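Coordinates from final-v2.txt are shown below (compact mmCIF, C-alpha atoms).
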# COMPACT_ATOMS: atom_id res chain seq x y z
CA MET A 1 0.00 0.00 0.00
CA ASN A 2 1.43 3.37 -0.95
CA GLU A 3 0.83 6.76 0.65
CA GLN A 4 -2.01 7.78 -1.66
CA ASP A 5 -3.94 4.59 -0.96
CA PHE A 6 -4.88 5.90 2.47
CA LEU A 7 -4.91 9.67 2.01
CA PHE A 8 -8.58 10.44 1.40
CA GLY A 9 -11.11 12.95 2.67
CA ASN A 10 -8.51 14.80 4.72
CA THR A 11 -9.23 18.24 3.26
CA ASP A 12 -12.48 18.32 5.26
CA VAL A 13 -11.07 17.81 8.76
CA VAL A 14 -11.74 20.34 11.49
CA ALA A 15 -9.46 23.40 11.50
CA ASP A 16 -6.80 23.70 14.20
CA ASP A 17 -8.10 27.06 15.42
CA VAL A 18 -11.38 25.54 16.66
CA ALA A 19 -9.42 24.19 19.63
CA ALA A 20 -8.92 27.74 20.92
CA ARG A 21 -12.64 28.09 21.66
CA GLU A 22 -14.27 24.64 21.79
CA LEU A 23 -13.45 21.11 22.78
CA ARG A 24 -15.48 18.98 20.38
CA LEU A 25 -15.16 15.38 21.51
CA LEU A 26 -16.49 12.27 19.82
CA ALA A 27 -16.22 8.77 21.28
CA LEU A 28 -17.07 5.71 19.22
CA ASN A 29 -16.62 1.95 19.48
CA LEU A 30 -15.38 1.07 15.97
CA GLU A 31 -16.48 -2.60 16.28
CA SER A 32 -13.16 -4.20 15.38
CA PRO A 33 -13.27 -2.94 11.78
CA SER A 34 -11.63 -4.21 8.64
CA ALA A 35 -9.34 -1.84 6.75
CA ALA A 36 -12.12 -1.24 4.19
CA ARG A 37 -14.60 -0.22 6.91
CA VAL A 38 -11.99 2.00 8.61
CA ARG A 39 -11.91 4.06 5.40
CA ARG A 40 -15.68 4.62 5.54
CA GLN A 41 -15.59 5.30 9.27
CA LEU A 42 -12.89 7.93 8.82
CA ASP A 43 -14.92 9.76 6.18
CA TRP A 44 -17.82 9.86 8.63
CA LEU A 45 -15.60 10.96 11.54
CA TYR A 46 -14.04 13.79 9.54
CA ALA A 47 -17.49 15.07 8.58
CA THR A 48 -18.47 15.52 12.25
CA GLY A 49 -16.03 18.43 12.71
CA THR A 50 -14.78 17.08 16.03
CA ASN A 51 -11.27 17.76 17.33
CA CYS A 52 -10.87 15.03 19.95
CA LEU A 53 -11.60 11.46 18.87
CA VAL A 54 -11.68 8.60 21.38
CA LEU A 55 -11.90 5.38 19.38
CA THR A 56 -12.37 2.05 21.12
CA GLU A 57 -12.43 -1.62 20.08
CA VAL A 58 -9.71 -0.89 17.54
CA LYS A 59 -8.38 -4.30 16.59
CA THR A 60 -4.60 -4.54 16.45
CA GLY A 61 -3.15 -5.17 13.01
CA GLU A 62 -3.71 -3.76 9.52
CA ALA A 63 -6.85 -1.77 10.31
CA ALA A 64 -5.28 -0.13 13.37
CA ASP A 65 -2.15 0.74 11.39
CA LEU A 66 -4.26 2.32 8.65
CA LEU A 67 -6.35 4.25 11.17
CA VAL A 68 -3.29 5.74 12.85
CA ARG A 69 -1.52 6.57 9.57
CA GLU A 70 -4.55 8.28 8.06
CA LEU A 71 -5.36 10.32 11.17
CA SER A 72 -1.72 11.40 11.42
CA SER A 73 -1.56 12.33 7.74
CA SER A 74 -4.72 14.44 8.19
CA GLY A 75 -3.09 16.54 10.90
CA TYR A 76 -4.25 14.76 14.04
CA THR A 77 -1.92 14.05 16.94
CA VAL A 78 -2.48 10.35 17.59
CA ALA A 79 -1.89 8.60 20.91
CA ARG A 80 -1.64 4.87 20.32
CA PRO A 81 -0.89 2.66 23.34
CA PRO A 82 1.75 -0.04 23.18
CA THR A 83 0.36 -3.54 22.74
CA GLY A 84 1.71 -7.01 23.42
CA ALA A 85 1.28 -10.28 21.56
CA ASP A 86 -1.86 -11.14 23.56
CA ASP A 87 -3.58 -7.78 23.14
CA LYS A 88 -6.40 -7.92 20.58
CA TYR A 89 -7.86 -4.42 21.05
CA MET A 90 -6.74 -0.92 21.85
CA THR A 91 -8.11 2.55 22.46
CA VAL A 92 -6.80 5.27 20.14
CA ILE A 93 -7.09 9.00 20.95
CA ALA A 94 -6.60 11.58 18.19
CA THR A 95 -6.64 15.35 18.73
CA LYS A 96 -6.51 18.31 16.34
CA GLY A 97 -5.13 21.72 17.28
CA TYR A 98 -4.01 20.80 20.81
CA ASP A 99 -0.70 20.26 22.52
CA THR A 100 -0.79 16.95 24.37
CA SER A 101 1.36 14.83 26.64
CA PRO A 102 0.98 11.37 28.21
CA THR A 103 -1.18 11.17 31.32
CA PRO A 104 0.44 10.15 34.62
CA LEU A 105 -1.84 7.11 34.68
CA ALA A 106 -1.09 3.41 35.00
CA ASP A 107 -2.99 2.33 31.94
CA GLY A 108 -2.99 -0.22 29.14
CA PRO A 109 -4.27 -0.81 25.60
CA ARG A 110 -7.95 -0.67 26.63
CA PHE A 111 -7.59 2.11 29.23
CA HIS A 112 -5.53 4.88 27.76
CA GLY A 113 -5.33 8.64 28.04
CA VAL A 114 -3.69 11.89 27.05
CA ARG A 115 -3.26 15.22 28.81
CA LEU A 116 -4.77 17.84 26.55
CA PHE A 117 -3.79 21.51 26.93
CA SER A 118 -6.83 23.54 25.98
CA HIS A 119 -8.62 26.86 26.51
CA LEU A 120 -10.17 25.07 29.52
CA GLY A 121 -6.70 24.46 30.95
CA PRO A 122 -5.11 21.01 31.11
CA VAL A 123 -7.60 18.13 30.93
CA ASP A 124 -6.87 14.42 31.12
CA VAL A 125 -8.96 12.66 28.46
CA ILE A 126 -9.17 8.94 29.23
CA GLY A 127 -10.57 6.42 26.74
CA LEU A 128 -12.03 3.19 28.08
CA TYR A 129 -12.99 -0.09 26.43
CA ALA A 130 -14.05 -2.45 29.20
CA PRO A 131 -14.34 -6.22 28.69
CA THR A 132 -17.68 -7.61 27.57
CA ASN A 133 -19.80 -9.97 29.62
CA GLY A 134 -18.80 -13.48 28.54
CA MET A 135 -21.56 -15.04 30.68
CA SER A 136 -19.17 -17.19 32.70
CA ALA A 137 -17.55 -17.11 36.12
CA ASP A 138 -14.15 -16.53 34.53
CA SER A 139 -15.48 -13.61 32.49
CA SER A 140 -17.05 -12.10 35.59
CA ALA A 141 -13.80 -12.34 37.55
CA LYS A 142 -11.78 -10.76 34.72
CA ARG A 143 -14.30 -7.95 34.31
CA SER A 144 -14.34 -7.27 38.03
CA ALA A 145 -10.53 -7.16 38.17
CA PHE A 146 -10.39 -4.75 35.23
CA GLN A 147 -13.04 -2.53 36.80
CA GLN A 148 -11.09 -2.40 40.06
CA GLN A 149 -7.89 -1.56 38.17
CA VAL A 150 -9.61 1.36 36.44
CA HIS A 151 -10.98 2.84 39.65
CA ASP A 152 -7.70 2.37 41.54
CA ALA A 153 -5.72 4.09 38.77
CA LEU A 154 -8.17 6.98 38.54
CA ALA A 155 -8.28 7.40 42.34
CA THR A 156 -4.48 7.57 42.42
CA ARG A 157 -4.43 10.15 39.63
CA ILE A 158 -7.11 12.32 41.33
CA ALA A 159 -5.30 12.22 44.66
CA ALA A 160 -2.01 13.24 43.03
CA GLU A 161 -3.38 16.11 40.89
CA PRO A 162 -6.88 17.07 42.07
CA GLU A 163 -6.74 20.42 40.28
CA ILE A 164 -6.56 18.85 36.79
CA PRO A 165 -9.99 17.68 35.62
CA LEU A 166 -10.73 14.27 34.15
CA LEU A 167 -12.91 13.26 31.24
CA VAL A 168 -13.41 9.48 31.11
CA VAL A 169 -15.31 8.26 28.06
CA GLY A 170 -15.91 5.17 25.98
CA ASP A 171 -17.59 1.78 25.95
CA PHE A 172 -17.87 0.83 29.63
CA ASN A 173 -19.80 -2.36 28.80
CA VAL A 174 -22.10 -1.77 31.78
CA VAL A 175 -25.50 -0.12 32.05
CA GLU A 176 -26.79 2.55 34.34
CA PRO A 177 -28.78 0.87 37.17
CA GLY A 178 -32.49 1.05 36.47
CA HIS A 179 -32.04 2.13 32.85
CA GLY A 180 -33.11 0.18 29.77
CA PRO A 181 -35.07 -3.05 29.38
CA ALA A 182 -35.13 -5.27 32.49
CA ALA A 183 -34.15 -8.32 30.42
CA SER A 184 -31.05 -6.48 29.26
CA ARG A 185 -30.15 -5.31 32.78
CA SER A 186 -30.36 -8.91 34.01
CA LEU A 187 -27.15 -9.70 32.12
CA PHE A 188 -25.11 -7.64 34.61
CA GLU A 189 -23.90 -8.38 38.13
CA ASP A 190 -23.53 -6.25 41.25
CA HIS A 191 -19.88 -5.45 40.49
CA ASP A 192 -20.93 -4.11 37.06
CA PHE A 193 -23.45 -1.73 38.59
CA ASP A 194 -20.90 -0.75 41.25
CA PHE A 195 -18.43 0.04 38.47
CA TYR A 196 -20.84 2.61 37.05
CA LEU A 197 -21.91 4.00 40.44
CA ASP A 198 -18.39 4.34 41.84
CA PHE A 199 -17.41 6.95 39.27
CA ASP A 200 -19.61 9.20 41.38
CA ARG A 201 -19.46 7.54 44.82
CA ARG A 202 -15.73 6.87 44.91
CA LEU A 203 -14.22 9.31 42.41
CA GLY A 204 -16.62 12.26 42.56
CA LEU A 205 -17.14 12.36 38.80
CA VAL A 206 -20.35 13.37 37.03
CA ASP A 207 -22.28 11.36 34.42
CA SER A 208 -22.45 14.35 32.10
CA PHE A 209 -25.05 12.81 29.81
CA ARG A 210 -27.43 11.87 32.61
CA GLN A 211 -26.98 15.17 34.43
CA THR A 212 -27.72 17.06 31.23
CA HIS A 213 -30.62 14.80 30.19
CA PRO A 214 -32.27 13.49 33.39
CA THR A 215 -35.10 11.66 31.62
CA ALA A 216 -33.43 10.63 28.36
CA THR A 217 -33.85 7.02 27.24
CA ASP A 218 -31.08 6.80 24.62
CA LEU A 219 -29.69 3.31 24.04
CA THR A 220 -26.37 2.94 22.26
CA TRP A 221 -26.16 -0.78 21.44
CA TYR A 222 -28.77 -3.43 20.71
CA GLY A 223 -28.69 -7.17 21.32
CA PRO A 224 -31.16 -10.07 21.49
CA ARG A 225 -32.57 -8.88 24.83
CA GLY A 226 -32.99 -5.28 23.82
CA GLY A 227 -30.95 -2.10 23.90
CA GLN A 228 -28.39 -0.88 26.39
CA ARG A 229 -26.61 2.41 27.04
CA LEU A 230 -23.09 1.02 27.27
CA ASP A 231 -21.34 4.25 26.25
CA HIS A 232 -20.76 6.82 28.99
CA VAL A 233 -18.86 10.00 29.78
CA PHE A 234 -17.84 10.99 33.30
CA THR A 235 -16.26 14.37 34.01
CA SER A 236 -14.85 16.22 36.99
CA PRO A 237 -17.42 18.72 38.34
CA GLN A 238 -15.39 21.77 37.25
CA LEU A 239 -15.26 20.41 33.69
CA HIS A 240 -18.93 19.39 33.66
CA ALA A 241 -19.76 23.03 34.43
CA ARG A 242 -18.20 23.94 31.04
CA VAL A 243 -20.12 21.31 29.04
CA ALA A 244 -22.27 23.09 26.46
CA SER A 245 -23.84 19.96 24.94
CA VAL A 246 -23.65 16.19 25.23
CA GLY A 247 -25.63 13.51 23.45
CA PHE A 248 -25.57 10.60 21.03
CA GLU A 249 -25.43 10.36 17.25
CA HIS A 250 -27.29 7.17 16.32
CA GLU A 251 -26.90 7.35 12.54
CA VAL A 252 -23.47 5.74 12.65
CA ARG A 253 -25.11 2.69 14.28
CA THR A 254 -28.28 2.56 12.20
CA SER A 255 -26.21 2.82 9.00
CA ARG A 256 -24.09 -0.10 10.30
CA LEU A 257 -20.77 1.70 10.21
CA SER A 258 -20.53 0.44 13.80
CA ASP A 259 -22.73 -1.52 16.19
CA HIS A 260 -22.56 1.43 18.65
CA SER A 261 -23.86 4.98 18.58
CA ALA A 262 -21.33 7.80 18.88
CA LEU A 263 -21.13 10.02 21.96
CA LEU A 264 -20.62 13.73 21.28
CA LEU A 265 -19.63 16.35 23.86
CA THR A 266 -18.81 20.02 23.43
CA ALA A 267 -17.16 22.11 26.15
CA ALA A 268 -16.68 25.84 25.76
In structure tokens, how does this file's structure come out?
Amino acid sequence: MNEQDFLFGNTDVVADDVAARELRLLALNLESPSAARVRRQLDWLYATGTNCLVLTEVKTGEAADLLVRELSSSGYTVARPPTGADDKYMTVIATKGYDTSPTPLADGPRFHGVRLFSHLGPVDVIGLYAPTNGMSADSSAKRSAFQQQVHDALATRIAAEPEIPLLVVGDFNVVEPGHGPAASRSLFEDHDFDFYLDFDRRLGLVDSFRQTHPTATDLTWYGPRGGQRLDHVFTSPQLHARVASVGFEHEVRTSRLSDHSALLLTAA
């Protein structure tokens, strides 16, 4: 593959100067795409005019390499976590118009962040792709261990630098307690609900979507037992106060570019 094989659509990306006035964030589970689907997904992503992309369930290999090369060639600063031989998926964060640095966070391919220097001040943007429910005791134990790792790492980061706000976003693979079809909620265990609740109870973060839309019923993924809102964004209170809008774009799911809806957040 030569350079021109993957340079497409990049004249329509968001301008760098937007970052001086707005953080336009989009988070999307890419559903382990092929290289051909990555091309279509990138065209759609560029058209959204967003300047901070948090992309989860990016399968290691050719498609991930293409994704990173194309975003970089289109002027994005791309943070790609290191992966080992046993790592199938990663979270990729791409920003446009911002200076960034690594976060002081013990993370991994699924739980990965950057420190973004913006008109809001420094913000740690953390992308999360939590393990799915494999409906077995082993799956439950692995999910619970991952959930504990996430909360421990975030608690350590907050204690060390409480003045720097956090934005944690992605596919949490858990639902909000009491939300969505009961048959769908029955797939989750107490530790899954605690994982969601402890972003507030333990870490003091705000579910920015729920706080902005107290009665909304958006579902972001559908399975045999109905829909679920698996995609979430939690922010530090001082950052939530700057959120101008937050919601979901469902067209990317209904058009089958992904099996998830995209989460969009603007902070000004």
Take atom CA of Leu239 of chain A and atom CA of Pro122 of chain A and report the distance between them in Å, one decimal.
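Atom CA of Pro122 of chain A lies at a distance of 10.5 Å from atom CA of Leu239 of chain A.
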Ranking A:Val168, A:Leu26, A:Ala15, A:Val175 by minimum distance to Phe248 of chain A and counting only C-alpha atoms, which one comes first?
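Among the listed residues, A:Leu26 lies closest to Phe248 of chain A.
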Which is closest to Trp221 of chain A among A:Asn29, A:Ala64, A:Asp87, A:Thr95, if we use all atoms listed in the file?
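With all atoms listed in the file as the atom set, the closest residue is A:Asn29.
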Name the residues, using the chain letters and numbers of the file, that sit within 10 Å of (-10.6, 10.4, 39.1) when counting only C-alpha atoms, and give them as a list in words.
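Here the neighbourhood of the point contains Asp124, Val150, His151, Asp152, Ala153, Leu154, Ala155, Thr156, Arg157, Ile158, Ala159, Ala160, Glu161, Pro162, Ile164, Pro165, Leu166, Leu167, Val168, Phe199, Asp200, Arg202, Leu203, Gly204, Leu205, Phe234, Thr235 and Ser236 of chain A.
Atom pair atom CA of Asp218 of chain A / atom CA of Pro181 of chain A: separated by 11.6 Å.
The smallest atom-to-atom distance between Ser136 of chain A and any of A:Glu189, A:Val233, A:Ala241, A:Leu264, using all atoms listed in the file, is found for A:Glu189.
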With N, CA, C and O atoms as the target, complete segment 223-246 of chain A and hand it back as a PDB file, keeping the file's coordinate frame.
ATOM      1  N   GLY A 223     -28.935  -5.748  21.374  1.00  0.00           N
ATOM      2  CA  GLY A 223     -28.690  -7.170  21.320  1.00  0.00           C
ATOM      3  C   GLY A 223     -30.008  -7.925  21.379  1.00  0.00           C
ATOM      4  O   GLY A 223     -31.092  -7.324  21.334  1.00  0.00           O
ATOM      5  N   PRO A 224     -29.947  -9.257  21.499  1.00  0.00           N
ATOM      6  CA  PRO A 224     -31.160 -10.070  21.490  1.00  0.00           C
ATOM      7  C   PRO A 224     -32.152  -9.724  22.601  1.00  0.00           C
ATOM      8  O   PRO A 224     -33.358  -9.944  22.450  1.00  0.00           O
ATOM      9  N   ARG A 225     -31.668  -9.201  23.721  1.00  0.00           N
ATOM     10  CA  ARG A 225     -32.570  -8.880  24.830  1.00  0.00           C
ATOM     11  C   ARG A 225     -32.930  -7.406  24.897  1.00  0.00           C
ATOM     12  O   ARG A 225     -33.484  -6.945  25.879  1.00  0.00           O
ATOM     13  N   GLY A 226     -32.626  -6.693  23.847  1.00  0.00           N
ATOM     14  CA  GLY A 226     -32.990  -5.280  23.820  1.00  0.00           C
ATOM     15  C   GLY A 226     -31.776  -4.381  23.835  1.00  0.00           C
ATOM     16  O   GLY A 226     -30.627  -4.831  23.751  1.00  0.00           O
ATOM     17  N   GLY A 227     -32.029  -3.081  23.964  1.00  0.00           N
ATOM     18  CA  GLY A 227     -30.950  -2.100  23.900  1.00  0.00           C
ATOM     19  C   GLY A 227     -30.333  -1.812  25.249  1.00  0.00           C
ATOM     20  O   GLY A 227     -30.915  -2.079  26.305  1.00  0.00           O
ATOM     21  N   GLN A 228     -29.133  -1.247  25.196  1.00  0.00           N
ATOM     22  CA  GLN A 228     -28.390  -0.880  26.390  1.00  0.00           C
ATOM     23  C   GLN A 228     -27.648   0.434  26.123  1.00  0.00           C
ATOM     24  O   GLN A 228     -27.211   0.674  25.001  1.00  0.00           O
ATOM     25  N   ARG A 229     -27.519   1.263  27.146  1.00  0.00           N
ATOM     26  CA  ARG A 229     -26.610   2.410  27.040  1.00  0.00           C
ATOM     27  C   ARG A 229     -25.291   1.980  27.665  1.00  0.00           C
ATOM     28  O   ARG A 229     -25.075   2.069  28.861  1.00  0.00           O
ATOM     29  N   LEU A 230     -24.395   1.505  26.818  1.00  0.00           N
ATOM     30  CA  LEU A 230     -23.090   1.020  27.270  1.00  0.00           C
ATOM     31  C   LEU A 230     -22.024   2.103  27.205  1.00  0.00           C
ATOM     32  O   LEU A 230     -20.938   1.932  27.767  1.00  0.00           O
ATOM     33  N   ASP A 231     -22.319   3.196  26.516  1.00  0.00           N
ATOM     34  CA  ASP A 231     -21.340   4.250  26.250  1.00  0.00           C
ATOM     35  C   ASP A 231     -21.619   5.423  27.195  1.00  0.00           C
ATOM     36  O   ASP A 231     -22.736   5.932  27.249  1.00  0.00           O
ATOM     37  N   HIS A 232     -20.590   5.841  27.920  1.00  0.00           N
ATOM     38  CA  HIS A 232     -20.760   6.820  28.990  1.00  0.00           C
ATOM     39  C   HIS A 232     -19.643   7.854  28.932  1.00  0.00           C
ATOM     40  O   HIS A 232     -18.559   7.602  28.373  1.00  0.00           O
ATOM     41  N   VAL A 233     -19.899   8.992  29.577  1.00  0.00           N
ATOM     42  CA  VAL A 233     -18.860  10.000  29.780  1.00  0.00           C
ATOM     43  C   VAL A 233     -18.982  10.550  31.192  1.00  0.00           C
ATOM     44  O   VAL A 233     -20.052  11.016  31.590  1.00  0.00           O
ATOM     45  N   PHE A 234     -17.907  10.454  31.946  1.00  0.00           N
ATOM     46  CA  PHE A 234     -17.840  10.990  33.300  1.00  0.00           C
ATOM     47  C   PHE A 234     -16.789  12.100  33.328  1.00  0.00           C
ATOM     48  O   PHE A 234     -15.683  11.933  32.797  1.00  0.00           O
ATOM     49  N   THR A 235     -17.147  13.210  33.960  1.00  0.00           N
ATOM     50  CA  THR A 235     -16.260  14.370  34.010  1.00  0.00           C
ATOM     51  C   THR A 235     -16.122  14.874  35.435  1.00  0.00           C
ATOM     52  O   THR A 235     -17.032  14.698  36.263  1.00  0.00           O
ATOM     53  N   SER A 236     -15.003  15.519  35.715  1.00  0.00           N
ATOM     54  CA  SER A 236     -14.850  16.220  36.990  1.00  0.00           C
ATOM     55  C   SER A 236     -15.872  17.353  37.049  1.00  0.00           C
ATOM     56  O   SER A 236     -16.215  17.945  36.016  1.00  0.00           O
ATOM     57  N   PRO A 237     -16.377  17.689  38.244  1.00  0.00           N
ATOM     58  CA  PRO A 237     -17.420  18.720  38.340  1.00  0.00           C
ATOM     59  C   PRO A 237     -17.044  20.043  37.681  1.00  0.00           C
ATOM     60  O   PRO A 237     -17.890  20.677  37.031  1.00  0.00           O
ATOM     61  N   GLN A 238     -15.769  20.484  37.829  1.00  0.00           N
ATOM     62  CA  GLN A 238     -15.390  21.770  37.250  1.00  0.00           C
ATOM     63  C   GLN A 238     -15.394  21.718  35.716  1.00  0.00           C
ATOM     64  O   GLN A 238     -15.615  22.740  35.046  1.00  0.00           O
ATOM     65  N   LEU A 239     -15.180  20.545  35.150  1.00  0.00           N
ATOM     66  CA  LEU A 239     -15.260  20.410  33.690  1.00  0.00           C
ATOM     67  C   LEU A 239     -16.717  20.258  33.256  1.00  0.00           C
ATOM     68  O   LEU A 239     -17.126  20.835  32.233  1.00  0.00           O
ATOM     69  N   HIS A 240     -17.508  19.521  34.010  1.00  0.00           N
ATOM     70  CA  HIS A 240     -18.930  19.390  33.660  1.00  0.00           C
ATOM     71  C   HIS A 240     -19.604  20.765  33.584  1.00  0.00           C
ATOM     72  O   HIS A 240     -20.487  20.982  32.746  1.00  0.00           O
ATOM     73  N   ALA A 241     -19.177  21.686  34.437  1.00  0.00           N
ATOM     74  CA  ALA A 241     -19.760  23.030  34.430  1.00  0.00           C
ATOM     75  C   ALA A 241     -19.503  23.757  33.098  1.00  0.00           C
ATOM     76  O   ALA A 241     -20.210  24.723  32.782  1.00  0.00           O
ATOM     77  N   ARG A 242     -18.520  23.301  32.330  1.00  0.00           N
ATOM     78  CA  ARG A 242     -18.200  23.940  31.040  1.00  0.00           C
ATOM     79  C   ARG A 242     -18.808  23.180  29.851  1.00  0.00           C
ATOM     80  O   ARG A 242     -18.594  23.571  28.700  1.00  0.00           O
ATOM     81  N   VAL A 243     -19.530  22.099  30.119  1.00  0.00           N
ATOM     82  CA  VAL A 243     -20.120  21.310  29.040  1.00  0.00           C
ATOM     83  C   VAL A 243     -21.297  22.076  28.443  1.00  0.00           C
ATOM     84  O   VAL A 243     -22.264  22.405  29.135  1.00  0.00           O
ATOM     85  N   ALA A 244     -21.204  22.366  27.151  1.00  0.00           N
ATOM     86  CA  ALA A 244     -22.270  23.090  26.460  1.00  0.00           C
ATOM     87  C   ALA A 244     -23.312  22.137  25.892  1.00  0.00           C
ATOM     88  O   ALA A 244     -24.504  22.482  25.818  1.00  0.00           O
ATOM     89  N   SER A 245     -22.897  20.943  25.480  1.00  0.00           N
ATOM     90  CA  SER A 245     -23.840  19.960  24.940  1.00  0.00           C
ATOM     91  C   SER A 245     -23.226  18.581  25.057  1.00  0.00           C
ATOM     92  O   SER A 245     -22.003  18.411  25.004  1.00  0.00           O
ATOM     93  N   VAL A 246     -24.089  17.588  25.208  1.00  0.00           N
ATOM     94  CA  VAL A 246     -23.650  16.190  25.230  1.00  0.00           C
ATOM     95  C   VAL A 246     -24.836  15.338  24.794  1.00  0.00           C
ATOM     96  O   VAL A 246     -25.978  15.586  25.197  1.00  0.00           O
TER      97      VAL A 246
END
